[in-house]
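The structure under discussion appears below in the form of structure tokens.
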Amino acid sequence: MVYVKWAFIIVFWGLIASVLEYTLPQQDVVRIVKTEVRRVDFGENSIFWAQQDTGQEGAQTVNRDVRFVETFRPNGKPRVYRNEDTGWGWPPYFKLDSSNLQAELTNLVSTADNPQWVVLRHYGWRNQLMSIFPNAVSVRPVDSPDVRLIPWFNIIFLTVLAALIWAIWVRWRRFRAARVDPVIENVEDGLYAAGDAIGEQSSRFKKWLNSWKSK
């Protein structure tokens with residue numbers, strides 16, 4: 001039972017960490033080499049795509065045009081992004097200006113001989129196997145690829161989130177000590193009173209109950 005409890009805890013926090021890692025903004029220093037529009041057929045990876053431009057009527061289709069941005073990092077490795085509206089859905093970037101952003105990105109295209117480095121803000125993952133691309137959110141030019149990037153939003157957000165989780169955890173411990181633990185102790189007393197009639201199963205159940213008591 002203890003292993004089940006820890007497996008549940010690990011899976012729960014693993015999912016929370018994955019959602020945060022996918023959703024929170026990230027910044028890359030890149031050189032834009034090309035922007036284009038491709039026809040994309042959506043399949044099992046459709047959950048990782050946003051939506052058609054906000055304001056366009058009609059239901060979601062199995063394929064549609066998607067804006068893409070091809071870039072290179074300072075180390076020479078390629079990096080491809082998509083450029084889609086998020087609208088009023090998830091994640092809550094409220095991005096409604098993909099067309100304008102595509103124009104900005106196209107205007108910043110440069111060559112290796114005369115590079116224009118930019119900071120591309122985005123969210124999401126890049127997975128070649130599943131054809132998943134991060135979604136560009138904004139762009140700004142910089143003078144050098146050595147610019148120092150500090151994720152202020154992520155720092156503040158995670159600090160506030162950690163404080164909120166800590167406050168909830170402290171209150172839960174107080175509630176459990178005052179309300180839950182006495183009930184568990186009463187159940188244990190009943191099991192002890194039953195004695196040998198319950199046998200080994202009683203012992204295992206009592207160990208599982210103890211694993212949920214506050215330390």
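Letters for chains follow the order of the structure tokens (A, B, ...), residue numbers begin at 1 for each chain, and ligand numbers begin at 1 in the order shown.
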List every residue of region 62-96 of chain A that has an atom at most 12 Å from any atom of region 123-141 of chain A, giving for each one its closest atom pair and the distance in Å to one decimal, counting only C-alpha atoms, sorted by chain and then by ascending residue number, as a tab-separated table.
```
residue	atom	partner	partner_atom	distance
A:Val66	CA	A:Asn135	CA	10.8
A:Arg67	CA	A:Asn135	CA	9.9
A:Phe68	CA	A:Ala136	CA	9.0
A:Val69	CA	A:Ala136	CA	8.4
A:Glu70	CA	A:Phe133	CA	10.9
A:Thr71	CA	A:Ala136	CA	11.7
A:Pro78	CA	A:Arg126	CA	11.4
A:Arg79	CA	A:Arg126	CA	8.5
A:Val80	CA	A:Phe133	CA	6.8
A:Tyr81	CA	A:Pro134	CA	5.2
A:Arg82	CA	A:Asn135	CA	4.9
A:Asn83	CA	A:Ala136	CA	5.2
A:Glu84	CA	A:Asn135	CA	6.5
A:Asp85	CA	A:Val137	CA	8.8
A:Thr86	CA	A:Asn135	CA	9.2
A:Gly87	CA	A:Val137	CA	11.9
A:Trp90	CA	A:Tyr123	CA	11.5
A:Pro91	CA	A:Tyr123	CA	8.9
A:Pro92	CA	A:Tyr123	CA	11.0
A:Tyr93	CA	A:Val137	CA	8.0
A:Phe94	CA	A:Val137	CA	9.8
A:Lys95	CA	A:Val137	CA	7.2
A:Leu96	CA	A:Val137	CA	9.9
```
Check your understanding: as number ranges by chain, which residues of region 46-163 of chain A does DSSP assign to strand (DSSP E)?
Key -> A: 63-72, 78-83, 117-123, 135-141
So that each row is one residue of region 7-45 of chain A with an atom at most 12 Å from region 160-176 of chain A, can you give its shortest atom pair and the distance in Å to one decimal, using only C-alpha atoms, rows by chain and rising number, as a tab-separated table?
```
residue	atom	partner	partner_atom	distance
A:Trp13	CA	A:Ile165	CA	11.9
A:Ile16	CA	A:Leu161	CA	11.6
A:Ala17	CA	A:Leu161	CA	12.0
A:Leu20	CA	A:Leu161	CA	10.8
```
Any chance you can output those residues with N, CA, C and O atoms as a CSV table (one decimal), in the first residue's frame?
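So again_26.csv came out as:
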```csv
chain,number,residue,atom,x,y,z
A,13,TRP,N,2.8,14.6,-9.3
A,13,TRP,CA,3.7,15.8,-9.4
A,13,TRP,C,4.4,15.7,-10.7
A,13,TRP,O,4.8,16.8,-11.2
A,16,ILE,N,2.1,17.5,-13.1
A,16,ILE,CA,2.1,18.9,-12.8
A,16,ILE,C,3.3,19.6,-13.4
A,16,ILE,O,3.3,20.6,-14.1
A,17,ALA,N,4.5,18.9,-13.2
A,17,ALA,CA,5.8,19.4,-13.7
A,17,ALA,C,5.7,19.5,-15.3
A,17,ALA,O,6.2,20.4,-15.9
A,20,LEU,N,3.6,22.4,-16.5
A,20,LEU,CA,4.3,23.7,-16.3
A,20,LEU,C,5.4,23.8,-17.3
A,20,LEU,O,5.6,24.9,-17.9
```
Check your understanding: Just how far from CA of Tyr22 (chain A) is CA of Asn63 (chain A), in Å to one decimal?
Key -> 23.4 Å
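If you count only C-alpha atoms and ignore residues fewer than 4 places along the chain from Gln27 (chain A), what sits within 9 Å of it is Val119, Leu120, Arg121, His122, Tyr123, Leu149 and Pro151 of chain A.
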Put those residues in a file: C-alpha atoms, as a PDB file, in the first residue's frame.
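Now in out_7.pdb:
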```
ATOM      1  CA  VAL A 119      15.124  36.482 -28.868  1.00  0.00           C
ATOM      2  CA  LEU A 120      12.166  34.283 -29.737  1.00  0.00           C
ATOM      3  CA  ARG A 121       9.693  33.788 -26.919  1.00  0.00           C
ATOM      4  CA  HIS A 122       7.660  30.598 -27.152  1.00  0.00           C
ATOM      5  CA  TYR A 123       6.013  27.767 -25.289  1.00  0.00           C
ATOM      6  CA  LEU A 149      18.188  36.069 -20.565  1.00  0.00           C
ATOM      7  CA  PRO A 151      13.099  34.311 -16.992  1.00  0.00           C
TER       8      PRO A 151
END
```
Check your understanding: In Å, how far is it from CA of Val109 (chain A) to CA of Arg31 (chain A)?
Key -> 7.3 Å
Review point. Which polymer residues have any atom within 9 Å of an atom of Asp143 (chain A), counting only C-alpha atoms, with same-chain residues fewer than 2 positions away left out, as number ranges by chain?
Key: A: 116-118, 141, 145-147
Check your understanding: What are the DSSP helix (DSSP H, G or I) residues of region 2-209 of chain A, as an MDAnalysis selection string?
Key -> chainID A and resid 2:23 46:48 98:107 152:197 199:209
Okay, now the selection with C-alpha atoms, as an mmCIF file, in the first residue's frame?
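out05.cif, freshly written:
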```
data_model
loop_
_atom_site.group_PDB
_atom_site.id
_atom_site.type_symbol
_atom_site.label_atom_id
_atom_site.label_comp_id
_atom_site.auth_asym_id
_atom_site.auth_seq_id
_atom_site.Cartn_x
_atom_site.Cartn_y
_atom_site.Cartn_z
ATOM 1 C CA VAL A 2 2.886 2.365 0.760
ATOM 2 C CA TYR A 3 4.258 1.804 -2.754
ATOM 3 C CA VAL A 4 0.860 2.623 -4.266
ATOM 4 C CA LYS A 5 0.764 5.845 -2.284
ATOM 5 C CA TRP A 6 4.231 6.944 -3.453
ATOM 6 C CA ALA A 7 3.507 5.906 -7.040
ATOM 7 C CA PHE A 8 0.401 8.113 -6.985
ATOM 8 C CA ILE A 9 2.382 11.036 -5.533
ATOM 9 C CA ILE A 10 5.173 10.696 -8.127
ATOM 10 C CA VAL A 11 2.736 10.449 -11.053
ATOM 11 C CA PHE A 12 0.702 13.417 -9.795
ATOM 12 C CA TRP A 13 3.666 15.759 -9.387
ATOM 13 C CA GLY A 14 5.221 14.461 -12.605
ATOM 14 C CA LEU A 15 2.087 15.504 -14.491
ATOM 15 C CA ILE A 16 2.087 18.920 -12.809
ATOM 16 C CA ALA A 17 5.754 19.445 -13.740
ATOM 17 C CA SER A 18 5.103 18.384 -17.353
ATOM 18 C CA VAL A 19 2.184 20.815 -17.721
ATOM 19 C CA LEU A 20 4.260 23.672 -16.291
ATOM 20 C CA GLU A 21 7.275 22.832 -18.456
ATOM 21 C CA TYR A 22 5.109 22.802 -21.580
ATOM 22 C CA THR A 23 3.050 25.896 -20.738
ATOM 23 C CA SER A 46 -3.481 17.272 -32.712
ATOM 24 C CA ILE A 47 -3.582 18.065 -28.972
ATOM 25 C CA PHE A 48 -0.215 19.836 -29.357
ATOM 26 C CA SER A 98 -0.135 35.526 -35.503
ATOM 27 C CA SER A 99 -0.345 37.375 -38.841
ATOM 28 C CA ASN A 100 1.438 40.438 -37.468
ATOM 29 C CA LEU A 101 4.029 38.282 -35.723
ATOM 30 C CA GLN A 102 4.709 36.434 -38.983
ATOM 31 C CA ALA A 103 5.394 39.765 -40.671
ATOM 32 C CA GLU A 104 7.829 40.723 -37.907
ATOM 33 C CA LEU A 105 9.566 37.358 -38.163
ATOM 34 C CA THR A 106 9.866 37.627 -41.948
ATOM 35 C CA ASN A 107 11.312 41.130 -41.622
ATOM 36 C CA TRP A 152 11.539 36.823 -14.603
ATOM 37 C CA PHE A 153 7.967 35.713 -15.262
ATOM 38 C CA ASN A 154 8.777 32.056 -14.573
ATOM 39 C CA ILE A 155 10.671 32.934 -11.395
ATOM 40 C CA ILE A 156 7.803 35.028 -10.021
ATOM 41 C CA PHE A 157 5.108 32.556 -11.098
ATOM 42 C CA LEU A 158 6.869 29.503 -9.627
ATOM 43 C CA THR A 159 7.626 31.375 -6.398
ATOM 44 C CA VAL A 160 3.963 32.340 -5.963
ATOM 45 C CA LEU A 161 2.857 28.810 -6.879
ATOM 46 C CA ALA A 162 5.278 27.259 -4.368
ATOM 47 C CA ALA A 163 4.037 29.629 -1.637
ATOM 48 C CA LEU A 164 0.430 28.721 -2.429
ATOM 49 C CA ILE A 165 1.157 24.982 -2.354
ATOM 50 C CA TRP A 166 3.034 25.388 0.947
ATOM 51 C CA ALA A 167 0.120 27.283 2.507
ATOM 52 C CA ILE A 168 -2.367 24.616 1.388
ATOM 53 C CA TRP A 169 -0.090 21.810 2.633
ATOM 54 C CA VAL A 170 0.335 23.417 6.070
ATOM 55 C CA ARG A 171 -3.422 23.837 6.454
ATOM 56 C CA TRP A 172 -4.022 20.269 5.303
ATOM 57 C CA ARG A 173 -1.562 18.941 7.896
ATOM 58 C CA ARG A 174 -3.366 20.874 10.626
ATOM 59 C CA PHE A 175 -6.739 19.604 9.428
ATOM 60 C CA ARG A 176 -5.463 16.029 9.212
ATOM 61 C CA ALA A 177 -3.931 16.164 12.683
ATOM 62 C CA ALA A 178 -7.187 17.525 14.146
ATOM 63 C CA ARG A 179 -9.782 15.535 12.180
ATOM 64 C CA VAL A 180 -8.324 12.647 10.160
ATOM 65 C CA ASP A 181 -5.708 11.160 12.510
ATOM 66 C CA PRO A 182 -8.180 10.690 15.410
ATOM 67 C CA VAL A 183 -10.495 8.752 13.112
ATOM 68 C CA ILE A 184 -7.624 6.554 11.924
ATOM 69 C CA GLU A 185 -6.571 5.937 15.521
ATOM 70 C CA ASN A 186 -10.120 4.881 16.413
ATOM 71 C CA VAL A 187 -10.120 2.438 13.501
ATOM 72 C CA GLU A 188 -6.759 1.085 14.644
ATOM 73 C CA ASP A 189 -8.054 0.614 18.172
ATOM 74 C CA GLY A 190 -10.926 -1.403 16.767
ATOM 75 C CA LEU A 191 -8.542 -3.539 14.747
ATOM 76 C CA TYR A 192 -6.326 -4.129 17.741
ATOM 77 C CA ALA A 193 -9.358 -5.124 19.786
ATOM 78 C CA ALA A 194 -10.318 -7.672 17.138
ATOM 79 C CA GLY A 195 -6.909 -9.260 17.637
ATOM 80 C CA ASP A 196 -6.201 -12.555 16.055
ATOM 81 C CA ALA A 197 -9.627 -12.712 14.428
ATOM 82 C CA GLY A 199 -4.879 -11.799 11.563
ATOM 83 C CA GLU A 200 -2.320 -10.849 8.954
ATOM 84 C CA GLN A 201 -4.717 -8.788 6.839
ATOM 85 C CA SER A 202 -5.367 -6.565 9.859
ATOM 86 C CA SER A 203 -1.632 -5.988 10.277
ATOM 87 C CA ARG A 204 -1.235 -4.959 6.647
ATOM 88 C CA PHE A 205 -4.239 -2.650 6.837
ATOM 89 C CA LYS A 206 -2.883 -1.009 9.978
ATOM 90 C CA LYS A 207 0.479 -0.396 8.283
ATOM 91 C CA TRP A 208 -1.313 1.240 5.374
ATOM 92 C CA LEU A 209 -3.293 3.461 7.756
#
```
